[in-house]
file start-v1.cif (mmCIF, C-alpha atoms and all ligand atoms)
data_run
loop_
_atom_site.label_atom_id
_atom_site.label_comp_id
_atom_site.auth_asym_id
_atom_site.auth_seq_id
_atom_site.Cartn_x
_atom_site.Cartn_y
_atom_site.Cartn_z
CA MET A 1 14.83 12.17 -13.20
CA LYS A 2 16.91 9.00 -13.16
CA VAL A 3 15.08 5.77 -14.00
CA VAL A 4 16.94 2.52 -13.32
CA PHE A 5 16.22 -0.08 -16.01
CA HIS A 6 17.79 -2.97 -17.95
CA GLU A 7 16.71 -4.52 -21.25
CA ASP A 8 16.70 -7.93 -19.59
CA PHE A 9 13.50 -6.81 -17.81
CA TYR A 10 11.76 -7.27 -21.17
CA LYS A 11 12.29 -11.03 -20.91
CA VAL A 12 9.31 -13.24 -20.05
CA TYR A 13 10.84 -14.94 -17.01
CA ALA A 14 7.62 -16.56 -15.73
CA LEU A 15 3.99 -17.18 -16.71
CA ASP A 16 2.31 -14.54 -14.55
CA PRO A 17 0.87 -11.12 -15.49
CA ALA A 18 3.80 -9.18 -13.99
CA ALA A 19 6.16 -11.09 -16.32
CA GLY A 20 3.98 -10.64 -19.43
CA ALA A 21 5.48 -9.77 -22.83
CA GLY A 22 5.28 -6.08 -23.70
CA ARG A 23 4.58 -4.83 -20.18
CA LEU A 24 7.47 -2.36 -19.96
CA GLU A 25 8.07 -1.43 -23.60
CA GLY A 26 5.49 1.39 -23.63
CA ILE A 27 7.06 3.04 -20.60
CA VAL A 28 10.58 2.77 -22.04
CA ASP A 29 9.44 4.19 -25.42
CA LEU A 30 8.04 7.15 -23.55
CA ILE A 31 11.06 7.85 -21.35
CA GLN A 32 13.53 7.48 -24.23
CA ASN A 33 11.76 10.31 -26.03
CA ASP A 34 11.46 12.71 -23.10
CA SER A 35 14.50 14.64 -21.80
CA PHE A 36 12.91 14.75 -18.33
CA TYR A 37 14.16 11.18 -17.90
CA GLU A 38 17.65 9.70 -17.79
CA ILE A 39 18.02 5.92 -17.95
CA VAL A 40 20.58 4.26 -15.66
CA GLU A 41 21.41 0.62 -16.39
CA ALA A 42 20.64 -1.80 -13.57
CA ILE A 43 23.39 -3.96 -12.07
CA PRO A 44 22.54 -7.29 -10.35
CA ALA A 45 22.44 -7.47 -6.55
CA LYS A 46 24.91 -9.62 -4.63
CA LYS A 47 23.88 -12.48 -2.38
CA VAL A 48 24.76 -10.42 0.71
CA ASP A 49 22.25 -7.77 -0.39
CA ILE A 50 19.45 -10.32 -0.64
CA LEU A 51 20.28 -11.87 2.73
CA ARG A 52 19.61 -8.58 4.54
CA ALA A 53 15.93 -9.19 3.78
CA HIS A 54 15.63 -12.95 3.18
CA THR A 55 16.65 -16.30 4.59
CA ASP A 56 19.37 -18.34 2.94
CA ARG A 57 16.73 -21.01 2.26
CA HIS A 58 14.55 -18.55 0.31
CA PHE A 59 17.56 -17.28 -1.65
CA LEU A 60 18.43 -20.86 -2.69
CA ARG A 61 14.82 -21.61 -3.63
CA VAL A 62 14.75 -18.69 -6.09
CA LYS A 63 18.25 -19.57 -7.32
CA ASP A 64 16.89 -22.92 -8.52
CA GLU A 65 14.88 -21.17 -11.28
CA SER A 66 17.66 -19.69 -13.39
CA LEU A 67 15.75 -17.18 -15.57
CA VAL A 68 13.67 -15.94 -12.64
CA PHE A 69 16.81 -15.75 -10.50
CA HIS A 70 18.74 -13.67 -13.03
CA THR A 71 15.85 -11.21 -13.43
CA ALA A 72 15.11 -11.06 -9.69
CA MET A 73 18.77 -10.35 -8.86
CA LEU A 74 18.79 -7.60 -11.48
CA ALA A 75 15.58 -6.12 -10.03
CA ALA A 76 16.97 -6.18 -6.49
CA GLY A 77 20.24 -4.60 -7.65
CA GLY A 78 18.32 -1.95 -9.59
CA ALA A 79 16.31 -1.22 -6.45
CA ILE A 80 19.52 -0.65 -4.49
CA GLN A 81 20.84 1.72 -7.19
CA THR A 82 17.53 3.62 -7.17
CA ALA A 83 17.73 3.99 -3.38
CA ASP A 84 21.38 5.06 -3.43
CA ILE A 85 20.73 7.72 -6.09
CA ALA A 86 17.84 9.17 -4.10
CA TYR A 87 19.80 9.18 -0.86
CA THR A 88 23.16 10.51 -2.04
CA GLU A 89 21.85 12.97 -4.63
CA LYS A 90 18.94 14.15 -2.43
CA THR A 91 16.52 13.77 -5.29
CA ALA A 92 13.82 11.56 -6.80
CA SER A 93 14.52 8.29 -8.62
CA PHE A 94 12.44 5.44 -9.99
CA GLY A 95 13.27 1.75 -10.31
CA LEU A 96 11.59 0.47 -13.48
CA ILE A 97 12.14 -3.15 -12.54
CA ARG A 98 10.43 -6.53 -12.47
CA PRO A 99 9.63 -9.00 -10.97
CA PRO A 100 7.82 -6.92 -8.33
CA GLY A 101 8.60 -7.56 -4.68
CA HIS A 102 6.02 -6.41 -2.14
CA HIS A 103 4.54 -9.91 -1.61
CA ALA A 104 7.93 -11.40 -0.75
CA SER A 105 8.52 -12.09 2.95
CA ARG A 106 11.76 -13.26 4.60
CA ASP A 107 11.27 -16.96 3.93
CA SER A 108 8.51 -17.11 1.32
CA SER A 109 6.98 -15.24 -1.60
CA TRP A 110 3.84 -15.28 -3.74
CA GLY A 111 1.84 -12.92 -5.97
CA PHE A 112 4.37 -12.72 -8.86
CA CYS A 113 7.14 -11.71 -6.38
CA TYR A 114 10.47 -13.39 -5.48
CA PHE A 115 12.79 -10.99 -3.65
CA ASN A 116 11.44 -7.97 -1.79
CA ASN A 117 12.98 -5.09 -3.76
CA ILE A 118 11.74 -2.46 -1.31
CA ALA A 119 13.15 -4.29 1.73
CA VAL A 120 16.45 -5.14 0.00
CA SER A 121 16.96 -1.51 -1.03
CA LEU A 122 15.90 -0.03 2.31
CA LEU A 123 18.02 -2.38 4.41
CA PHE A 124 20.97 -1.49 2.17
CA LEU A 125 20.36 2.20 2.97
CA VAL A 126 19.85 1.48 6.66
CA GLN A 127 23.17 -0.34 6.87
CA LYS A 128 25.15 2.11 4.73
CA TYR A 129 23.77 5.40 6.05
CA ARG A 130 22.31 4.36 9.41
CA LEU A 131 18.76 5.51 8.70
CA ARG A 132 16.35 5.49 11.61
CA SER A 133 12.92 6.36 10.27
CA ILE A 134 11.26 5.71 6.92
CA PHE A 135 7.85 6.30 5.42
CA LEU A 136 6.65 3.80 2.81
CA LEU A 137 3.54 4.43 0.75
CA ASP A 138 2.31 1.30 -1.03
CA PHE A 139 -0.25 2.50 -3.59
CA ASP A 140 -0.48 -0.83 -5.43
CA LEU A 141 -3.99 -2.32 -5.47
CA HIS A 142 -2.82 -5.19 -3.25
CA THR A 143 -1.52 -4.94 0.32
CA GLY A 144 2.24 -5.42 0.39
CA ASP A 145 2.28 -8.16 3.02
CA GLY A 146 5.98 -8.85 2.37
CA ASN A 147 6.90 -5.21 3.05
CA ILE A 148 4.97 -5.35 6.31
CA ASN A 149 6.35 -8.75 7.39
CA ILE A 150 9.96 -7.79 6.83
CA LEU A 151 10.10 -4.09 7.64
CA GLU A 152 7.74 -3.70 10.59
CA THR A 153 9.72 -6.30 12.54
CA GLU A 154 13.19 -5.02 11.59
CA GLU A 155 15.12 -3.90 14.67
CA GLY A 156 16.85 -0.53 14.90
CA VAL A 157 14.75 1.22 12.27
CA LYS A 158 11.16 2.44 12.28
CA VAL A 159 9.31 1.92 9.00
CA GLU A 160 5.84 3.39 8.84
CA ILE A 161 3.85 1.76 6.05
CA LEU A 162 0.59 2.97 4.52
CA ASN A 163 -1.49 0.73 2.25
CA PRO A 164 -4.53 2.98 1.67
CA TYR A 165 -7.63 0.77 1.78
CA SER A 166 -10.49 2.88 0.47
CA ASN A 167 -12.03 2.02 -2.88
CA ASN A 168 -13.35 5.57 -3.15
CA GLU A 169 -10.85 7.80 -4.92
CA GLU A 170 -11.44 10.89 -2.78
CA LYS A 171 -11.18 8.95 0.49
CA TYR A 172 -8.12 7.08 -0.78
CA MET A 173 -6.36 10.37 -1.49
CA GLN A 174 -7.42 11.80 1.88
CA GLU A 175 -5.86 8.80 3.66
CA ILE A 176 -2.55 9.54 1.98
CA LYS A 177 -2.70 13.27 2.76
CA ASN A 178 -3.63 12.68 6.40
CA THR A 179 -0.76 10.26 6.91
CA LEU A 180 1.77 12.58 5.21
CA ASP A 181 0.57 15.41 7.49
CA SER A 182 1.24 13.25 10.56
CA LEU A 183 4.90 12.49 9.71
CA SER A 184 7.98 13.86 11.45
CA ASN A 185 11.67 12.87 11.69
CA ILE A 186 11.77 10.95 8.41
CA ASP A 187 15.03 10.02 6.62
CA VAL A 188 13.55 8.99 3.27
CA ILE A 189 10.08 8.66 1.68
CA ILE A 190 9.55 5.71 -0.64
CA ALA A 191 6.79 4.11 -2.68
CA SER A 192 5.81 0.62 -3.69
CA ALA A 193 4.50 2.00 -6.97
CA GLY A 194 1.95 -0.38 -8.41
CA PHE A 195 -0.43 1.01 -11.02
CA ASP A 196 -3.02 -1.80 -10.88
CA ASN A 197 -5.43 0.32 -8.83
CA ALA A 198 -5.96 2.60 -11.84
CA GLN A 199 -9.30 3.27 -13.46
CA GLY A 200 -9.13 0.85 -16.39
CA ASP A 201 -6.84 -1.60 -14.59
CA TRP A 202 -7.83 -4.26 -12.01
CA GLY A 203 -8.68 -1.91 -9.12
CA GLU A 204 -10.68 0.82 -10.93
CA VAL A 205 -10.04 3.47 -8.25
CA LEU A 206 -7.36 6.01 -9.22
CA SER A 207 -7.45 8.43 -12.12
CA THR A 208 -4.30 9.49 -13.95
CA GLU A 209 -4.41 12.87 -12.18
CA SER A 210 -4.44 11.16 -8.78
CA TYR A 211 -1.13 9.51 -9.63
CA ASN A 212 0.20 12.96 -10.46
CA GLN A 213 -1.09 14.30 -7.14
CA ILE A 214 0.47 11.41 -5.19
CA GLY A 215 3.79 12.16 -6.89
CA LYS A 216 3.50 15.88 -6.06
CA TRP A 217 2.73 15.18 -2.41
CA MET A 218 5.64 12.77 -2.08
CA LYS A 219 7.94 15.41 -3.53
CA GLU A 220 6.55 18.20 -1.34
CA TYR A 221 6.74 16.21 1.91
CA SER A 222 10.17 14.75 1.15
CA ILE A 223 11.52 18.29 0.62
CA LYS A 224 9.92 19.35 3.90
CA LEU A 225 10.99 16.30 5.91
CA CYS A 226 14.11 14.65 4.44
CA ASN A 227 16.02 16.97 2.05
CA GLY A 228 14.04 15.73 -0.95
CA ARG A 229 15.16 12.11 -0.63
CA ARG A 230 12.52 9.93 -2.27
CA TYR A 231 12.29 6.92 -4.55
CA ALA A 232 9.74 4.55 -6.00
CA LEU A 233 9.90 0.98 -7.29
CA LEU A 234 7.49 -0.54 -9.78
CA GLU A 235 5.13 -3.20 -8.42
CA GLY A 236 1.88 -4.12 -10.29
CA GLY A 237 0.08 -2.55 -13.27
CA TYR A 238 -1.41 -4.67 -16.03
CA ASN A 239 -3.20 -2.45 -18.54
CA TYR A 240 -0.36 -1.91 -20.99
CA SER A 241 -2.06 0.98 -22.77
CA LEU A 242 -2.60 2.93 -19.51
CA LEU A 243 0.61 2.07 -17.71
CA PRO A 244 2.94 4.51 -19.57
CA ARG A 245 0.63 7.48 -19.03
CA ASN A 246 0.06 6.77 -15.34
CA PHE A 247 3.77 6.16 -14.81
CA ASP A 248 4.58 9.43 -16.58
CA ARG A 249 2.06 11.53 -14.67
CA PHE A 250 3.27 10.08 -11.36
CA CYS A 251 6.91 10.83 -12.26
CA LYS A 252 6.15 14.37 -13.48
CA GLY A 253 4.74 15.13 -10.03
CA PHE A 254 7.37 13.14 -8.16
CA GLY A 255 10.54 14.22 -10.01
ZN ZN A 301 -0.87 -5.47 -7.23
#

call {"tool": "encode", "arguments": {"input": "start-v1.cif", "output": "structure tokens"}}
result
Amino acid sequence: MKVVFHEDFYKVYALDPAAGAGRLEGIVDLIQNDSFYEIVEAIPAKKVDILRAHTDRHFLRVKDESLVFHTAMLAAGGAIQTADIAYTEKTASFGLIRPPGHHASRDSSWGFCYFNNIAVSLLFLVQKYRLRSIFLLDFDLHTGDGNINILETEEGVKVEILNPYSNNEEKYMQEIKNTLDSLSNIDVIIASAGFDNAQGDWGEVLSTESYNQIGKWMKEYSIKLCNGRRYALLEGGYNYSLLPRNFDRFCKGFG
């Protein structure tokens, strides 16, 4: 499975937990030693890519912080590559990128986010391949308000977003299954893949095997509904010793 990454994502570009030193190294160590994975180097987005999802004013605001801007452009570009791989190769792909994006709205951002990687990548696909209908599962601990603000008001495309709310693992998983069962006419299935709702991380809800099950379901339903087209982008996840294992178990179901 292709994983889009760049060594510049190791840099501490800000003083928040998503930008912390050592956050991605464990995952990269793991994927470099497992032939299941193939690393693709991320390429920065262009301004036109960002402006599909954001105002010019927001773009310029982020541009003012040079290290953040460089990393955020690389994350957004990596998200586009991840989406394009999934769509053209009819397969699974993962964007191992930071800063995260699901709290970034058109003209503002918060919660360790700057540009909305999910929205930038999806609106790229919508424009290039004229997609009509998308399912987005946001399994991060926190509700992706930026995803909702941008994508649920976008004209010409229907984006159904699920942020499961239960703090009971069984009910959480049932919410996902029920929603997947209700889908039809979907062009691509995507995930805001935050791992901060893990047992042992901030949310304390999901076990490692639940991440594997979520990955398996996304694979199964994408094969059924949209020729296997599916991708996921990293959002939160702050327990560095758990993150590689949860990432890996998700991907082994998903890929
Ligand atoms: Zn989060």

call {"tool": "residues_near_ligand", "arguments": {"input": "start-v1.cif", "ligand": "ligand ZN 301 (chain A)", "cutoff": "8 Å", "atoms": "all atoms listed in the file", "output": "JSON, numbers by chain"}}
result
{"A": [140, 141, 142, 143, 194, 195, 196, 197, 235, 236, 237]}

call {"tool": "closest_atom_pairs", "arguments": {"input": "start-v1.cif", "of": "region 75-102 of chain A", "to": "region 17-38 of chain A", "cutoff": "8 Å", "atoms": "all atoms listed in the file", "output": "Markdown table"}}
result
| residue | atom | partner | partner_atom | distance |
| --- | --- | --- | --- | --- |
| A:Arg98 | CA | A:Ala18 | CA | 7.3 |
| A:Pro99 | CA | A:Ala18 | CA | 6.6 |
| A:Pro100 | CA | A:Ala18 | CA | 7.3 |

call {"tool": "write_last_selection", "arguments": {"input": "start-v1.cif", "atoms": "C-alpha atoms", "output": "tab-separated table (two decimals), keeping the file's coordinate frame"}}
result
chain	number	residue	atom	x	y	z
A	98	ARG	CA	10.43	-6.53	-12.47
A	99	PRO	CA	9.63	-9.00	-10.97
A	100	PRO	CA	7.82	-6.92	-8.33

call {"tool": "residues_near_point", "arguments": {"input": "start-v1.cif", "point": "(21.4, 6.0, 1.7)", "cutoff": "10 Å", "atoms": "all atoms listed in the file", "output": "ChimeraX atom specification"}}
result
/A:80-90,121-131,187-188,229

call {"tool": "atom_distance", "arguments": {"input": "start-v1.cif", "atom1": "CA of Ile161 (chain A)", "atom2": "CA of Trp110 (chain A)"}}
result
19.7 Å

call {"tool": "closest_residue", "arguments": {"input": "start-v1.cif", "among": "A:Phe9, A:Val40, A:Arg249, A:Phe115", "to": "Arg61 (chain A)", "atoms": "only C-alpha atoms"}}
result
A:Phe115

call {"tool": "closest_residue", "arguments": {"input": "start-v1.cif", "among": "A:Asp138, A:Gly255, A:Met73, A:Ser210", "to": "Ile223 (chain A)", "atoms": "only C-alpha atoms"}}
result
A:Gly255

call {"tool": "atom_distance", "arguments": {"input": "start-v1.cif", "atom1": "CA of Ile150 (chain A)", "atom2": "CA of Lys2 (chain A)"}}
result
27.0 Å

call {"tool": "atom_distance", "arguments": {"input": "start-v1.cif", "atom1": "CA of Pro164 (chain A)", "atom2": "CA of Ile176 (chain A)"}}
result
6.9 Å

call {"tool": "closest_residue", "arguments": {"input": "start-v1.cif", "among": "A:Phe69, A:Phe94, A:Tyr238, A:Phe59", "to": "Phe5 (chain A)", "atoms": "only C-alpha atoms"}}
result
A:Phe94

call {"tool": "axis_aligned_box", "arguments": {"input": "start-v1.cif", "around": "region 143-160 of chain A", "padding_each_side": "3 Å", "output": "JSON"}}
result
{"center_x": 7.7, "center_y": -2.7, "center_z": 7.6, "size_x": 24.4, "size_y": 18.2, "size_z": 20.6}

call {"tool": "residues_around", "arguments": {"input": "start-v1.cif", "residues": "region 239-243 of chain A", "least_positions_apart": "2", "cutoff": "6 Å", "atoms": "all atoms listed in the file", "output": "list in words"}}
result
Arg23, Asp201, Arg245, Asn246 and Phe247 of chain A

call {"tool": "write_last_selection", "arguments": {"input": "start-v1.cif", "atoms": "C-alpha atoms", "output": "PDB file, keeping the file's coordinate frame"}}
result
ATOM      1  CA  ARG A  23       4.580  -4.830 -20.180  1.00  0.00           C
ATOM      2  CA  ASP A 201      -6.840  -1.600 -14.590  1.00  0.00           C
ATOM      3  CA  ARG A 245       0.630   7.480 -19.030  1.00  0.00           C
ATOM      4  CA  ASN A 246       0.060   6.770 -15.340  1.00  0.00           C
ATOM      5  CA  PHE A 247       3.770   6.160 -14.810  1.00  0.00           C
TER       6      PHE A 247
END

call {"tool": "closest_residue", "arguments": {"input": "start-v1.cif", "among": "A:Ala92, A:Glu175, A:Ser105, A:Arg132", "to": "Lys216 (chain A)", "atoms": "only C-alpha atoms"}}
result
A:Ala92

call {"tool": "closest_residue", "arguments": {"input": "start-v1.cif", "among": "A:Asp56, A:Asp8, A:Asp16, A:Glu160", "to": "Ser108 (chain A)", "atoms": "all atoms listed in the file"}}
result
A:Asp56
